[in-house]
>>> print(open('upload.cif').read())   # mmCIF, C-alpha atoms
data_query
#
loop_
_atom_site.label_atom_id
_atom_site.label_comp_id
_atom_site.auth_asym_id
_atom_site.auth_seq_id
_atom_site.Cartn_x
_atom_site.Cartn_y
_atom_site.Cartn_z
CA TRP A 9 -31.12 -3.19 6.69
CA ARG A 10 -30.30 -2.52 10.35
CA LEU A 11 -27.17 -4.63 10.08
CA SER A 12 -26.14 -2.75 6.94
CA LEU A 13 -26.73 0.59 8.63
CA ARG A 14 -24.72 -0.52 11.67
CA ASN A 15 -21.85 -1.72 9.47
CA SER A 16 -21.83 1.57 7.58
CA PHE A 17 -21.58 3.60 10.78
CA ILE A 18 -18.85 1.35 12.19
CA VAL A 19 -16.74 1.50 9.03
CA ALA A 20 -17.33 5.22 8.47
CA SER A 21 -16.48 6.11 12.08
CA ALA A 22 -13.28 4.05 12.07
CA THR A 23 -12.34 5.42 8.65
CA THR A 24 -12.90 8.99 9.84
CA LEU A 25 -10.67 8.51 12.86
CA LEU A 26 -7.83 6.89 10.90
CA ALA A 27 -8.03 9.21 7.91
CA THR A 28 -8.18 12.34 10.07
CA VAL A 29 -5.09 11.39 12.07
CA LEU A 30 -3.07 10.20 9.09
CA GLY A 31 -4.21 13.01 6.79
CA THR A 32 -3.48 15.73 9.36
CA LEU A 33 -0.01 14.36 10.05
CA ALA A 34 0.68 14.09 6.32
CA ALA A 35 -0.50 17.65 5.70
CA LEU A 36 1.70 18.97 8.52
CA GLY A 37 4.70 17.10 7.17
CA LEU A 38 4.16 18.18 3.59
CA THR A 39 3.58 21.81 4.57
CA ARG A 40 6.43 22.25 7.02
CA ALA A 41 9.16 20.04 5.57
CA ARG A 42 10.92 20.48 2.26
CA LEU A 43 11.42 16.90 1.14
CA PRO A 44 12.96 15.70 -2.12
CA GLY A 45 10.21 14.52 -4.43
CA GLN A 46 7.58 16.27 -2.33
CA THR A 47 5.34 16.92 -5.34
CA LEU A 48 5.53 13.26 -6.31
CA LEU A 49 4.69 12.23 -2.75
CA LEU A 50 1.69 14.54 -2.67
CA GLY A 51 0.51 13.16 -6.00
CA LEU A 52 0.80 9.64 -4.62
CA ILE A 53 -1.26 10.54 -1.55
CA VAL A 54 -4.08 12.14 -3.55
CA SER A 55 -4.02 9.52 -6.33
CA PRO A 56 -7.07 7.64 -4.91
CA MET A 57 -9.13 10.70 -5.87
CA VAL A 58 -8.03 10.37 -9.51
CA VAL A 59 -7.89 6.60 -10.09
CA PRO A 60 -11.30 5.12 -11.02
CA LEU A 61 -12.91 3.30 -8.10
CA VAL A 62 -13.31 0.09 -10.08
CA ILE A 63 -9.54 -0.10 -10.59
CA VAL A 64 -8.97 0.66 -6.91
CA ALA A 65 -11.47 -2.02 -5.89
CA VAL A 66 -9.91 -4.70 -8.10
CA GLY A 67 -6.39 -3.80 -6.96
CA VAL A 68 -7.35 -3.83 -3.29
CA TYR A 69 -9.15 -7.15 -3.69
CA PHE A 70 -6.10 -8.88 -5.14
CA ALA A 71 -3.84 -7.21 -2.54
CA TYR A 72 -6.10 -8.37 0.30
CA ALA A 73 -6.68 -11.92 -0.92
CA PRO A 74 -3.37 -13.41 0.34
CA PHE A 75 -3.94 -11.91 3.80
CA GLY A 76 -7.57 -12.96 4.19
CA LEU A 77 -8.83 -9.39 4.53
CA THR A 78 -11.56 -9.76 1.91
CA GLY A 79 -15.01 -10.15 3.41
CA SER A 80 -14.10 -8.24 6.58
CA LEU A 81 -14.97 -4.85 8.01
CA LEU A 82 -11.30 -4.31 8.82
CA GLY A 83 -10.30 -4.66 5.19
CA LEU A 84 -13.10 -2.34 4.08
CA THR A 85 -12.08 0.22 6.71
CA LEU A 86 -8.48 0.22 5.53
CA ALA A 87 -9.55 0.60 1.90
CA HIS A 88 -11.91 3.45 2.76
CA THR A 89 -9.15 5.12 4.77
CA ALA A 90 -6.94 5.18 1.67
CA LEU A 91 -9.81 6.80 -0.23
CA ALA A 92 -10.54 9.36 2.50
CA VAL A 93 -7.02 10.49 3.43
CA PRO A 94 -6.64 12.75 0.33
CA PHE A 95 -9.67 14.82 1.38
CA VAL A 96 -8.17 15.39 4.83
CA VAL A 97 -4.76 16.25 3.39
CA ILE A 98 -6.22 18.81 1.00
CA THR A 99 -8.47 20.55 3.53
CA VAL A 100 -5.86 20.66 6.29
CA SER A 101 -3.15 21.83 3.87
CA ALA A 102 -5.43 24.65 2.72
CA THR A 103 -5.96 25.69 6.34
CA LEU A 104 -2.22 25.56 7.05
CA GLN A 105 -1.60 28.08 4.25
CA GLY A 106 -3.03 30.76 6.54
CA PHE A 107 -1.25 29.54 9.66
CA ASP A 108 1.53 31.73 11.06
CA PRO A 109 4.42 29.45 12.15
CA ASN A 110 5.73 32.21 14.41
CA GLN A 111 2.95 31.36 16.87
CA ALA A 112 4.29 27.81 17.22
CA ARG A 113 7.83 29.15 17.56
CA ALA A 114 6.67 31.53 20.29
CA GLY A 115 5.19 28.64 22.24
CA ALA A 116 8.37 26.61 21.86
CA SER A 117 10.50 29.58 22.97
CA LEU A 118 8.46 29.76 26.18
CA GLY A 119 9.37 26.20 27.05
CA ALA A 120 6.43 24.23 25.67
CA SER A 121 7.15 20.77 24.29
CA PRO A 122 6.31 19.97 20.64
CA THR A 123 3.27 18.00 21.82
CA VAL A 124 1.97 20.89 23.91
CA VAL A 125 2.62 23.35 21.06
CA PHE A 126 0.62 21.18 18.70
CA LEU A 127 -2.29 20.55 21.09
CA ARG A 128 -2.55 24.08 22.54
CA ILE A 129 -1.56 26.27 19.58
CA VAL A 130 -1.50 24.51 16.20
CA LEU A 131 -4.52 22.22 16.52
CA PRO A 132 -7.01 24.90 17.71
CA LEU A 133 -6.01 27.14 14.80
CA ILE A 134 -6.32 24.46 12.13
CA LEU A 135 -9.33 22.76 13.75
CA PRO A 136 -11.84 23.97 11.12
CA GLY A 137 -9.79 22.30 8.38
CA VAL A 138 -9.37 19.12 10.43
CA VAL A 139 -13.09 18.89 11.15
CA SER A 140 -13.95 19.61 7.52
CA GLY A 141 -11.58 16.87 6.40
CA ALA A 142 -13.10 14.49 8.94
CA LEU A 143 -16.59 15.18 7.61
CA PHE A 144 -15.46 14.57 4.03
CA ALA A 145 -13.82 11.33 5.18
CA PHE A 146 -17.03 10.20 6.87
CA VAL A 147 -19.15 10.92 3.80
CA THR A 148 -16.61 9.25 1.51
CA SER A 149 -16.78 6.04 3.51
CA PHE A 150 -20.48 6.07 4.35
CA ASP A 151 -21.56 6.63 0.74
CA GLU A 152 -19.03 4.34 -1.02
CA VAL A 153 -20.40 1.29 -2.84
CA VAL A 154 -17.93 0.12 -5.53
CA VAL A 155 -15.16 -1.04 -3.18
CA ALA A 156 -17.77 -2.46 -0.82
CA LEU A 157 -19.13 -4.65 -3.61
CA PHE A 158 -15.71 -6.26 -4.02
CA LEU A 159 -14.69 -6.57 -0.37
CA THR A 160 -17.81 -7.36 1.64
CA GLY A 161 -19.84 -10.50 2.03
CA PRO A 162 -23.46 -10.93 3.18
CA GLY A 163 -22.52 -10.33 6.81
CA GLU A 164 -20.50 -7.17 6.11
CA ARG A 165 -22.88 -5.39 3.79
CA THR A 166 -22.94 -1.63 4.11
CA LEU A 167 -26.01 0.50 3.54
CA PRO A 168 -25.05 1.63 -0.01
CA ARG A 169 -24.40 -1.99 -1.03
CA GLN A 170 -27.70 -3.07 0.51
CA MET A 171 -29.44 -0.36 -1.50
CA PHE A 172 -27.64 -1.45 -4.66
CA ASN A 173 -28.71 -5.05 -4.17
CA GLY A 174 -32.25 -3.98 -3.31
CA ILE A 175 -32.60 -1.95 -6.51
CA ARG A 176 -31.21 -4.80 -8.58
CA GLU A 177 -33.20 -7.63 -7.00
CA ASN A 178 -36.41 -6.24 -5.53
CA ILE A 179 -37.68 -2.66 -5.41
CA SER A 180 -38.75 -1.90 -1.84
CA PRO A 181 -40.05 1.22 -0.05
CA VAL A 182 -37.16 0.75 2.37
CA ILE A 183 -34.80 1.92 -0.38
CA ALA A 184 -36.61 5.26 -0.54
CA ALA A 185 -36.38 5.58 3.24
CA ALA A 186 -32.65 4.81 3.15
CA ALA A 187 -32.13 7.34 0.35
CA SER A 188 -33.96 9.97 2.39
CA LEU A 189 -31.70 9.18 5.34
CA LEU A 190 -28.61 9.70 3.19
CA ILE A 191 -29.98 13.00 1.86
CA LEU A 192 -30.68 14.26 5.38
CA LEU A 193 -27.21 13.22 6.48
CA SER A 194 -25.65 15.07 3.53
CA VAL A 195 -27.64 18.23 4.30
CA LEU A 196 -26.60 18.06 7.96
CA LEU A 197 -22.92 17.67 7.09
CA LEU A 198 -23.06 20.49 4.54
CA SER A 199 -24.62 22.72 7.19
CA VAL A 200 -21.80 21.88 9.59
CA LEU A 201 -19.24 22.68 6.90
CA GLU A 202 -20.88 26.05 6.25
CA LEU A 203 -20.81 26.86 9.97
CA LEU A 204 -17.14 25.93 10.12
CA ARG A 205 -16.40 28.10 7.09
CA ARG A 206 -18.07 31.11 8.68
CA ARG A 207 -16.28 30.50 11.98
CA ASN A 208 -12.97 30.31 10.17
CA GLU A 209 -13.68 33.58 8.38
CA ARG A 210 -14.50 35.28 11.70
CA LEU A 211 -11.27 34.00 13.23
CA ARG A 212 -9.23 35.31 10.29
CA GLY A 213 -11.05 38.61 10.41
#
>>> encode(input="upload.cif", output="structure tokens")
Amino acid sequence: WRLSLRNSFIVASATTLLATVLGTLAALGLTRARLPGQTLLLGLIVSPMVVPLVIVAVGVYFAYAPFGLTGSLLGLTLAHTALAVPFVVITVSATLQGFDPNQARAGASLGASPTVVFLRIVLPLILPGVVSGALFAFVTSFDEVVVALFLTGPGERTLPRQMFNGIRENISPVIAAAASLLILLSVLLLSVLELLRRRNERLRG
């Protein structure tokens, strides 16, 4: 159980980092640029939210098999990143709808580089959306079991898969303790999201 909990935190943390960076960059690109086929591209990015997880798991398994990524935490992290990126894209894109691009232009007109403009102006203003997307990405990875059943072996079991196997093979009080841990984690993350929502409302007001 401790190994499963450790694996879950490792995979969820790595997934959160990758999904937040990739999702934020994708949201910025989709919001600012006017690309041909932009709607199709957005639909492709968010498709993991629509496609059933069983189909995703089977597809990822056969895609990973030639490269030896099955049965590894790296493969599971990459799969979870694909599942989590849409949540980051949606939350950051929603935040960018209220962002005034003239503020970024003002910073650029004063001599700031694009990197400085992003770090000092854009990122602080869209930070609530970025953090919200990161929390959704963490929960998506930490609580996912279907893909984990296909991609992990005994040494890479995550907590949800360990709970699934425990319910199927032998009912144990540890399962109730693990479920309570997941409930407390969900309540904590929801509380953080509510605080971020209120902070964002105060900033807009």
>>> residues_around(input="upload.cif", residues="Ser194 (chain A)", least_positions_apart="2", cutoff="12 Å", atoms="all atoms listed in the file", output="PyMOL selection string")
chain A and resi 143-144+146-148+150-151+187-192+196-201
>>> resolve_selection(input="upload.cif", expression="the PyMOL selection byres ((chain A and resi 27-39) around 8)", output="PyMOL selection string")
chain A and resi 23-26+40-43+46+50+89-90+92-98+100-101+104+138+141-142+145
>>> resolve_selection(input="upload.cif", expression="the PyMOL selection byres ((chain A and resi 85) around 10)", output="NGL selection string")
:A and (16 or 18-24 or 26-27 or 80-84 or 86-91 or 149 or 156)
>>> residues_around(input="upload.cif", residues="region 9-11 of chain A", least_positions_apart="4", cutoff="8 Å", atoms="only C-alpha atoms", output="PDB file with C-alpha atoms, in the coordinates of the input")
ATOM      1  CA  ASN A  15     -21.850  -1.720   9.470  1.00  0.00           C
ATOM      2  CA  ARG A 165     -22.880  -5.390   3.790  1.00  0.00           C
ATOM      3  CA  THR A 166     -22.940  -1.630   4.110  1.00  0.00           C
ATOM      4  CA  LEU A 167     -26.010   0.500   3.540  1.00  0.00           C
ATOM      5  CA  GLN A 170     -27.700  -3.070   0.510  1.00  0.00           C
TER       6      GLN A 170
END
>>> axis_aligned_box(input="upload.cif", around="region 96-111 of chain A", padding_each_side="3 Å", output="JSON")
{"center_x": -1.4, "center_y": 23.8, "center_z": 8.9, "size_x": 20.2, "size_y": 22.8, "size_z": 21.9}
>>> atom_distance(input="upload.cif", atom1="CA of Arg14 (chain A)", atom2="CA of Leu157 (chain A)")
16.8 Å
>>> atom_distance(input="upload.cif", atom1="CA of Gln111 (chain A)", atom2="CA of Ile129 (chain A)")
7.3 Å
>>> atom_distance(input="upload.cif", atom1="CA of Ala65 (chain A)", atom2="CA of Val155 (chain A)")
4.7 Å
>>> closest_residue(input="upload.cif", among="A:Gly137, A:Gly79, A:Leu204, A:Phe17", to="Pro162 (chain A)", atoms="all atoms listed in the file")
A:Gly79
>>> resolve_selection(input="upload.cif", expression="the PyMOL selection byres ((chain A and resi 109) around 12)", output="list in words")
Leu36, Thr39, Arg40, Leu104, Gln105, Gly106, Phe107, Asp108, Asn110, Gln111, Ala112, Arg113, Ala114, Gly115, Ala116, Val125, Phe126, Ile129, Val130, Leu133 and Ile134 of chain A
